[in-house]
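Let me begin by presenting the structure, written as structure tokens, before commenting on it.
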Amino acid sequence: MKNKKIERCTFCNKEFNNFKTSIELKTRTERLTVQHTWEKIGNLDIQNRELLCEDCFNKFLTAFKIAVNDNISSTENNNIIEEETKEDV
Ligand SMILES: [Zn+2]
């Protein structure tokens, strides 16, 4: 009898039935010291791996796009937003 490994979405715990998408997030934060060197802050390092079903991955992409657009709109770079809006129509 084959022991089939069941993999589930790490967000919604749903069993994969078509796609699974692996997302790996790694951040590294360093602080500028008075000697003008970079000091690593280990506590702020994040390494995260998520395995998402198609639905959750689409939600992730949408949330990410909104976050990035919010960030752009807070700067003076309005040209990029106008171009992206045209593509969405
Ligand atoms: Zn999911």
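Chain labels follow the order of the structure tokens: the first chain is A, the next B, and so on; residue numbering restarts at 1 in every chain, and ligands are counted from 1 in their shown order.
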
For this session: Please provide the set of residues having any atom within 7 Å of Thr10 of chain A, restricted to only C-alpha atoms, with same-chain residues fewer than 3 positions apart removed, written as JSON, numbers by chain.
Result: {"A": [13, 50, 51, 52]}

Return as a Markdown table the residues of chain A lying at most 7 Å from ligand 1, together with the closest atom-to-atom pair for each and the distance in Å to one decimal, counting only C-alpha atoms and all ligand atoms, with rows in chain order and ascending residue number.
```
| residue | atom | partner | partner_atom_place_in_ligand_line | distance |
| --- | --- | --- | --- | --- |
| A:Cys9 | CA | ligand 1 | 1 (Zn) | 4.6 |
| A:Thr10 | CA | ligand 1 | 1 (Zn) | 6.7 |
| A:Phe11 | CA | ligand 1 | 1 (Zn) | 5.0 |
| A:Cys12 | CA | ligand 1 | 1 (Zn) | 4.2 |
| A:Asn13 | CA | ligand 1 | 1 (Zn) | 6.1 |
| A:Lys14 | CA | ligand 1 | 1 (Zn) | 5.6 |
| A:Leu52 | CA | ligand 1 | 1 (Zn) | 5.2 |
| A:Cys53 | CA | ligand 1 | 1 (Zn) | 4.2 |
| A:Glu54 | CA | ligand 1 | 1 (Zn) | 6.7 |
| A:Asp55 | CA | ligand 1 | 1 (Zn) | 5.7 |
| A:Cys56 | CA | ligand 1 | 1 (Zn) | 4.3 |
```

For this session: Quick one: pick out all strand (DSSP E or B) residues within segment 2-68 of chain A from a backbone DSSP run and write them as a list of chain:residue names.
Result: A:Arg8, A:Glu15, A:Lys20, A:Thr21, A:Ser22, A:Ile23, A:Glu24, A:Leu25, A:Lys26, A:Thr27, A:Glu30, A:Arg31, A:Leu32, A:Trp38, A:Glu39, A:Lys40, A:Ile46, A:Gln47, A:Asn48, A:Arg49, A:Glu50, A:Leu51, A:Leu52, A:Cys53

Write a file of the just-selected residues containing N, CA and C atoms, as a short mmCIF file (atom, residue, chain, number, x, y, z; two decimals), in the first residue's frame.
```cif
data_model
loop_
_atom_site.label_atom_id
_atom_site.label_comp_id
_atom_site.auth_asym_id
_atom_site.auth_seq_id
_atom_site.Cartn_x
_atom_site.Cartn_y
_atom_site.Cartn_z
N ARG A 8 -0.92 20.16 2.06
CA ARG A 8 -2.00 21.13 2.23
C ARG A 8 -1.46 22.56 2.17
N GLU A 15 -6.47 20.82 0.89
CA GLU A 15 -5.65 19.88 0.16
C GLU A 15 -5.47 20.37 -1.28
N LYS A 20 0.08 24.14 -6.70
CA LYS A 20 0.64 24.57 -5.42
C LYS A 20 1.80 25.50 -5.74
N THR A 21 1.88 26.59 -4.97
CA THR A 21 2.91 27.59 -5.23
C THR A 21 3.72 27.82 -3.96
N SER A 22 5.01 27.70 -4.10
CA SER A 22 5.89 27.89 -2.97
C SER A 22 6.39 29.33 -2.94
N ILE A 23 6.25 29.98 -1.79
CA ILE A 23 6.73 31.36 -1.64
C ILE A 23 7.74 31.38 -0.52
N GLU A 24 8.91 31.87 -0.81
CA GLU A 24 9.93 31.97 0.21
C GLU A 24 10.29 33.42 0.46
N LEU A 25 10.18 33.81 1.70
CA LEU A 25 10.45 35.19 2.07
C LEU A 25 11.66 35.22 2.99
N LYS A 26 12.64 35.98 2.60
CA LYS A 26 13.82 36.09 3.44
C LYS A 26 14.19 37.56 3.58
N THR A 27 14.25 38.03 4.77
CA THR A 27 14.64 39.43 4.99
C THR A 27 15.88 39.49 5.86
N GLU A 30 19.96 45.37 8.68
CA GLU A 30 21.23 45.82 9.27
C GLU A 30 21.11 47.26 9.71
N ARG A 31 21.85 47.62 10.73
CA ARG A 31 21.79 48.97 11.27
C ARG A 31 23.12 49.67 11.05
N LEU A 32 23.05 50.92 10.65
CA LEU A 32 24.26 51.71 10.44
C LEU A 32 24.80 52.17 11.79
N TRP A 38 27.97 48.44 8.89
CA TRP A 38 26.64 47.85 9.04
C TRP A 38 26.67 46.75 10.07
N GLU A 39 25.77 46.86 11.04
CA GLU A 39 25.67 45.87 12.09
C GLU A 39 24.42 45.02 11.85
N LYS A 40 24.62 43.73 11.82
CA LYS A 40 23.51 42.83 11.55
C LYS A 40 22.62 42.69 12.79
N ILE A 46 13.89 37.39 9.05
CA ILE A 46 12.71 36.55 8.88
C ILE A 46 12.96 35.59 7.72
N GLN A 47 12.75 34.34 7.97
CA GLN A 47 12.81 33.39 6.87
C GLN A 47 11.54 32.57 6.93
N ASN A 48 10.77 32.64 5.90
CA ASN A 48 9.45 32.05 5.92
C ASN A 48 9.18 31.33 4.61
N ARG A 49 8.58 30.17 4.70
CA ARG A 49 8.24 29.44 3.49
C ARG A 49 6.78 29.04 3.58
N GLU A 50 6.03 29.44 2.59
CA GLU A 50 4.62 29.09 2.55
C GLU A 50 4.34 28.31 1.28
N LEU A 51 3.43 27.38 1.39
CA LEU A 51 3.01 26.60 0.23
C LEU A 51 1.52 26.87 0.03
N LEU A 52 1.21 27.57 -1.06
CA LEU A 52 -0.15 28.07 -1.23
C LEU A 52 -0.92 27.37 -2.33
N CYS A 53 -2.22 27.22 -2.10
CA CYS A 53 -3.11 26.72 -3.14
C CYS A 53 -3.36 27.87 -4.13
#
```
